[in-house]
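Novice: This is final-v7.txt (compact mmCIF, C-alpha atoms).
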# COMPACT_ATOMS: atom_id res chain seq x y z
CA MET A 114 -19.15 -0.15 25.46
CA ARG A 115 -18.68 -0.38 29.21
CA GLU A 116 -17.85 -4.09 29.09
CA PRO A 117 -14.66 -3.79 26.94
CA ILE A 118 -13.47 -0.84 29.04
CA HIS A 119 -14.11 -2.79 32.24
CA LYS A 120 -12.20 -5.78 30.85
CA PHE A 121 -9.31 -3.51 29.88
CA TRP A 122 -9.03 -2.04 33.38
CA GLU A 123 -9.18 -5.54 34.81
CA PHE A 124 -6.30 -6.56 32.54
CA LEU A 125 -4.19 -3.57 33.67
CA SER A 126 -4.63 -4.72 37.27
CA ARG A 127 -3.47 -8.26 36.47
CA PRO A 128 -0.14 -9.36 38.06
CA ILE A 129 2.78 -9.74 35.68
CA GLU A 130 3.84 -13.26 34.73
CA MET A 131 6.93 -14.72 36.37
CA ARG A 132 8.87 -14.81 33.11
CA ALA A 133 8.37 -11.08 32.65
CA ARG A 134 9.39 -10.46 36.26
CA ALA A 135 12.62 -12.42 35.74
CA VAL A 136 13.52 -10.39 32.66
CA LEU A 137 12.82 -7.12 34.49
CA ALA A 138 15.04 -8.21 37.37
CA ALA A 139 17.84 -9.04 34.92
CA LEU A 140 17.50 -5.63 33.24
CA ILE A 141 18.44 -3.93 36.51
CA VAL A 142 22.03 -5.16 36.02
CA PRO A 143 22.92 -3.02 32.95
CA LEU A 144 21.02 -0.10 34.47
CA ALA A 145 23.13 -0.23 37.64
CA LEU A 146 26.38 -0.81 35.69
CA SER A 147 25.77 2.37 33.65
CA PHE A 148 27.30 4.34 36.54
CA ALA A 149 30.67 2.68 35.92
CA PHE A 150 31.08 3.57 32.24
CA PRO A 151 31.06 6.79 30.18
CA LEU A 152 27.87 7.92 28.51
CA TRP A 153 29.65 9.75 25.70
CA ASN A 154 33.17 10.29 24.41
CA ILE A 155 34.40 13.38 22.57
CA SER A 156 37.84 13.41 20.94
CA MET A 157 39.68 16.20 19.11
CA LYS A 158 42.62 15.89 16.74
CA ALA A 159 44.69 18.63 15.09
CA PRO A 160 48.26 18.99 13.74
CA GLN A 161 49.39 20.41 17.10
CA TYR A 162 47.65 17.50 18.91
CA PRO A 163 48.49 14.43 16.81
CA ASN A 164 47.60 12.06 19.66
CA GLY A 165 44.31 13.84 20.21
CA LEU A 166 42.46 15.18 23.23
CA THR A 167 39.67 13.13 24.79
CA LEU A 168 36.74 13.88 27.04
CA ASP A 169 34.42 11.34 28.68
CA VAL A 170 30.97 12.29 29.98
CA TYR A 171 29.69 10.05 32.77
CA LEU A 172 26.29 10.04 34.48
CA TYR A 173 27.70 12.19 37.27
CA LYS A 174 30.97 13.75 36.08
CA VAL A 175 33.09 14.96 33.16
CA GLU A 176 36.56 13.43 32.89
CA GLY A 177 39.43 14.33 30.57
CA GLY A 178 42.07 12.01 29.23
CA ASN A 179 45.65 11.82 30.49
CA GLU A 180 44.52 11.97 34.13
CA GLY A 181 42.38 15.05 33.56
CA GLN A 182 44.95 17.08 31.63
CA HIS A 183 43.02 16.93 28.38
CA ILE A 184 39.98 18.74 29.75
CA GLN A 185 42.22 21.62 30.79
CA GLU A 186 43.71 21.77 27.29
CA ILE A 187 40.25 21.66 25.70
CA ASN A 188 38.94 24.44 27.93
CA THR A 189 42.01 26.57 27.19
CA LEU A 190 41.32 26.19 23.47
CA ASN A 191 37.64 26.97 24.04
CA HIS A 192 38.60 30.13 25.92
CA TYR A 193 40.33 31.53 22.83
CA ILE A 194 37.15 31.25 20.77
CA GLY A 195 34.90 32.51 23.58
CA MET A 196 33.33 29.16 24.38
CA ALA A 197 32.31 28.40 27.95
CA PRO A 198 34.40 25.73 29.71
CA ILE A 199 33.14 22.18 29.49
CA ASN A 200 32.55 21.08 33.07
CA ARG A 201 29.91 19.67 35.37
CA GLU A 202 28.33 23.09 35.83
CA GLN A 203 27.82 23.54 32.10
CA LEU A 204 26.44 20.01 31.82
CA SER A 205 24.06 20.63 34.71
CA ASP A 206 21.89 17.63 33.79
CA LEU A 207 24.56 15.44 35.38
CA GLY A 208 23.09 16.61 38.69
CA TRP A 209 19.71 14.92 38.22
CA MET A 210 20.62 11.96 36.00
CA PRO A 211 21.96 9.75 38.84
CA PHE A 212 18.72 10.44 40.74
CA ALA A 213 16.67 9.51 37.65
CA ILE A 214 18.60 6.27 37.11
CA GLY A 215 18.29 5.40 40.81
CA LEU A 216 14.54 5.99 40.60
CA LEU A 217 14.28 3.72 37.56
CA ILE A 218 16.18 1.00 39.45
CA LEU A 219 13.74 1.23 42.36
CA LEU A 220 10.68 1.26 40.08
CA THR A 221 12.00 -1.73 38.13
CA LEU A 222 12.61 -3.64 41.36
CA ARG A 223 9.08 -2.83 42.52
CA CYS A 224 7.62 -3.87 39.17
CA ALA A 225 9.58 -7.15 39.18
CA ALA A 226 8.51 -7.93 42.75
CA ILE A 227 4.88 -6.84 43.09
CA GLY A 228 4.00 -5.00 39.88
CA ASP A 229 0.97 -5.39 37.68
CA VAL A 230 0.48 -4.60 33.99
CA ARG A 231 -0.33 -0.96 34.75
CA VAL A 232 2.96 -0.48 36.62
CA LEU A 233 4.85 -2.16 33.76
CA VAL A 234 3.32 0.19 31.18
CA ASP A 235 4.15 3.17 33.40
CA LEU A 236 7.75 1.95 33.72
CA ALA A 237 8.11 1.59 29.94
CA VAL A 238 6.72 5.09 29.31
CA LEU A 239 8.86 6.68 32.04
CA SER A 240 12.04 4.91 30.89
CA THR A 241 11.50 6.04 27.30
CA TYR A 242 10.80 9.60 28.42
CA VAL A 243 13.92 9.81 30.61
CA SER A 244 16.16 8.48 27.83
CA LEU A 245 14.78 10.78 25.13
CA PHE A 246 14.75 13.81 27.43
CA SER A 247 18.37 13.16 28.49
CA LEU A 248 19.52 12.88 24.88
CA SER A 249 17.67 16.04 23.84
CA ARG A 250 19.15 17.95 26.79
CA PHE A 251 22.66 16.81 25.83
CA ILE A 252 22.12 18.02 22.25
CA TYR A 253 20.75 21.31 23.56
CA ARG A 254 23.73 21.87 25.89
CA MET A 255 26.14 21.22 23.03
CA TYR A 256 24.21 23.70 20.90
CA VAL A 257 24.38 26.36 23.63
CA LEU A 258 28.12 25.85 24.11
CA GLY A 259 28.81 26.39 20.41
CA HIS A 260 26.38 29.26 19.78
CA TYR A 261 26.73 31.49 22.83
CA LEU A 262 30.31 32.62 22.26
CA ASP A 263 32.00 35.55 23.96
CA PRO A 264 32.08 38.40 21.38
CA HIS A 265 35.31 39.70 22.96
CA ALA A 266 37.20 36.44 22.52
CA PRO A 267 40.69 36.67 20.93
CA LEU A 268 39.66 34.47 17.99
CA LYS A 269 36.44 35.00 16.07
CA VAL A 270 34.59 31.96 14.78
CA GLU A 271 31.10 31.51 13.46
CA PRO A 272 28.65 29.95 15.93
CA PHE A 273 28.56 26.18 15.51
CA THR A 274 27.08 23.03 16.95
CA PRO A 275 29.78 20.64 18.23
CA ALA A 276 29.76 17.10 16.91
CA ILE A 277 26.96 15.12 18.56
CA PHE A 278 27.23 11.80 16.75
CA GLY A 279 29.98 11.24 14.23
CA THR A 280 32.90 13.37 13.04
CA LYS A 281 32.92 17.08 12.29
CA GLN A 282 35.59 19.54 11.17
CA ILE A 283 35.75 22.68 13.35
CA ALA A 284 38.55 25.05 12.31
CA ASN A 285 41.68 22.88 12.17
CA PHE A 286 40.28 20.31 14.61
CA THR A 287 38.62 17.05 13.66
CA VAL A 288 36.07 16.42 16.40
CA SER A 289 34.51 12.99 16.91
CA SER A 290 31.65 12.26 19.28
CA TYR A 291 30.15 8.84 19.97
CA PRO A 292 28.08 7.09 22.67
CA ARG A 293 29.93 4.78 25.03
CA GLY A 294 29.16 1.86 27.30
CA ALA A 295 26.69 3.54 29.67
CA THR A 296 24.53 4.78 26.79
CA VAL A 297 24.47 1.27 25.30
CA MET A 298 23.44 -0.17 28.67
CA LEU A 299 20.70 2.41 29.17
CA ALA A 300 19.44 1.75 25.64
CA ALA A 301 19.42 -1.99 26.34
CA PHE A 302 17.41 -1.38 29.53
CA VAL A 303 14.80 0.84 27.85
CA THR A 304 14.49 -1.50 24.88
CA GLY A 305 14.14 -4.52 27.16
CA VAL A 306 11.44 -2.91 29.32
CA CYS A 307 9.47 -1.80 26.25
CA LEU A 308 9.71 -5.29 24.70
CA VAL A 309 8.49 -6.89 27.92
CA ALA A 310 5.56 -4.43 28.05
CA ILE A 311 4.67 -5.13 24.40
CA TRP A 312 4.88 -8.90 24.99
CA VAL A 313 2.59 -8.69 28.02
CA LEU A 314 0.09 -6.48 26.18
CA LEU A 315 0.05 -8.75 23.12
CA ARG A 316 -0.48 -11.83 25.29
CA GLY A 317 -3.36 -10.06 27.02
CA ARG A 318 -4.88 -9.17 23.66
CA SER A 319 -4.54 -12.78 22.45
CA GLU A 320 -6.23 -14.07 25.59
CA ALA A 321 -9.06 -11.56 25.21
CA LEU A 322 -9.65 -12.61 21.60
CA ARG A 323 -9.58 -16.29 22.54
CA LEU A 324 -12.12 -15.73 25.32
CA ALA A 325 -14.32 -13.71 22.95
CA ARG A 326 -14.30 -16.54 20.40
CA THR A 327 -15.05 -19.10 23.12
CA THR A 328 -17.96 -17.03 24.42
CA ALA A 329 -19.31 -16.55 20.90
CA THR A 330 -19.40 -20.27 20.28
Will you turn the file into C-alpha cells for me?

Specialist:
Amino acid sequence: MREPIHKFWEFLSRPIEMRARAVLAALIVPLALSFAFPLWNISMKAPQYPNGLTLDVYLYKVEGGNEGQHIQEINTLNHYIGMAPINREQLSDLGWMPFAIGLLILLTLRCAAIGDVRVLVDLAVLSTYVSLFSLSRFIYRMYVLGHYLDPHAPLKVEPFTPAIFGTKQIANFTVSSYPRGATVMLAAFVTGVCLVAIWVLLRGRSEALRLARTTAT
C-alpha cells in the first residue's frame, strides 16, 4: 500500500512538461485581457425606452450606456419600486475580484516557470473555485437587489429575481442579461488550465501503467 502512495507523491513533485508550460503561459493572455472587457451586460426595454437602457459590469466597475446616463435612469426607476441603486457598493465583490484575477495571473506565471504537477493541480482547483464563487455571488447579489425592497416605495411590486441569464419580463420592462467578453475569457482560462491538468494527470497514469507492465514482465 505504501508503494503506490509513495509513487503518487513522487509524481506530484515531478516538473511539468514544456508543452504544458507553454499552454499555461499562453492562457495568461485572456486572463489579463479580462480587465478590458465587461463581465456581464444587462439591458432593459420598455415602451417609454424604445432604444433601451444598458448596464455593463466590469471586474472593477459598473458602467451605464450613453456615457453613464443609463445607470442614472435605471437607478431612478429602481427607486420607485424600492430597489437599492445598482452601483459598485451594491456589487461589493468588484472590490476583491481584481485582486483574485491578479493572484491567478501570478500563480499561473509561477506554475509555467517553475511549477510541478502539485502546483498545477492547485491552480486548476483554485481557478475553478474562484470562477464558481464569483458567479454564485453575482446571482446572490441580484437576488438581494430584487427581494429586499423598500416597503415605503411609491410603487409596490412583488419581490423578484432580476434576469441572470436570458430574458425576463418585469412589469412593463423586458430585461435581458448575458455574459460578455471578460466572462468568456475567464471561462477559457479556467477550462484551459483544467484541461492541461487533466492531460498531465492522464499522461502520468499512462506512464505508471506502462512501468507496472514492464516490471511485471

Novice: Between A:Val288, A:Ala225, A:Ile187, A:Leu233, single out the one closest to A:Lys158, counting only C-alpha atoms.

Specialist: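 Nearest to A:Lys158: A:Val288.
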
Novice: Kindly give the distance, in Å, that separates atom CA of A:Gly279 and atom CA of A:Tyr291, rounded to a single decimal.

Specialist: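 Computed distance, atom CA of A:Gly279 to atom CA of A:Tyr291, equals 6.2 Å.
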
Novice: Neighbours of A:Phe148 within 10 Å (all atoms listed in the file; same-chain residues fewer than 5 positions away dropped), as a PyMOL selection string?

Specialist: chain A and resi 143+171-173+211+214+294-295+298

Novice: Using only C-alpha atoms, what residues lie at most 10 Å away from (-4.5, -4.6, 39.2) (file coordinates), given as a ChimeraX atom specification?

Specialist: /A:122-129,228-232

Novice: Padding 3 Å on each side, edges along x, y and z: where is the centre of the box around the listed atoms of stretch 254-271 of chain A, and how long are its edges in Å to one decimal? Output it as AutoDock Vina command-line options.

Specialist:
--center_x 32.2 --center_y 30.5 --center_z 19.7 --size_x 23.0 --size_y 24.5 --size_z 18.4
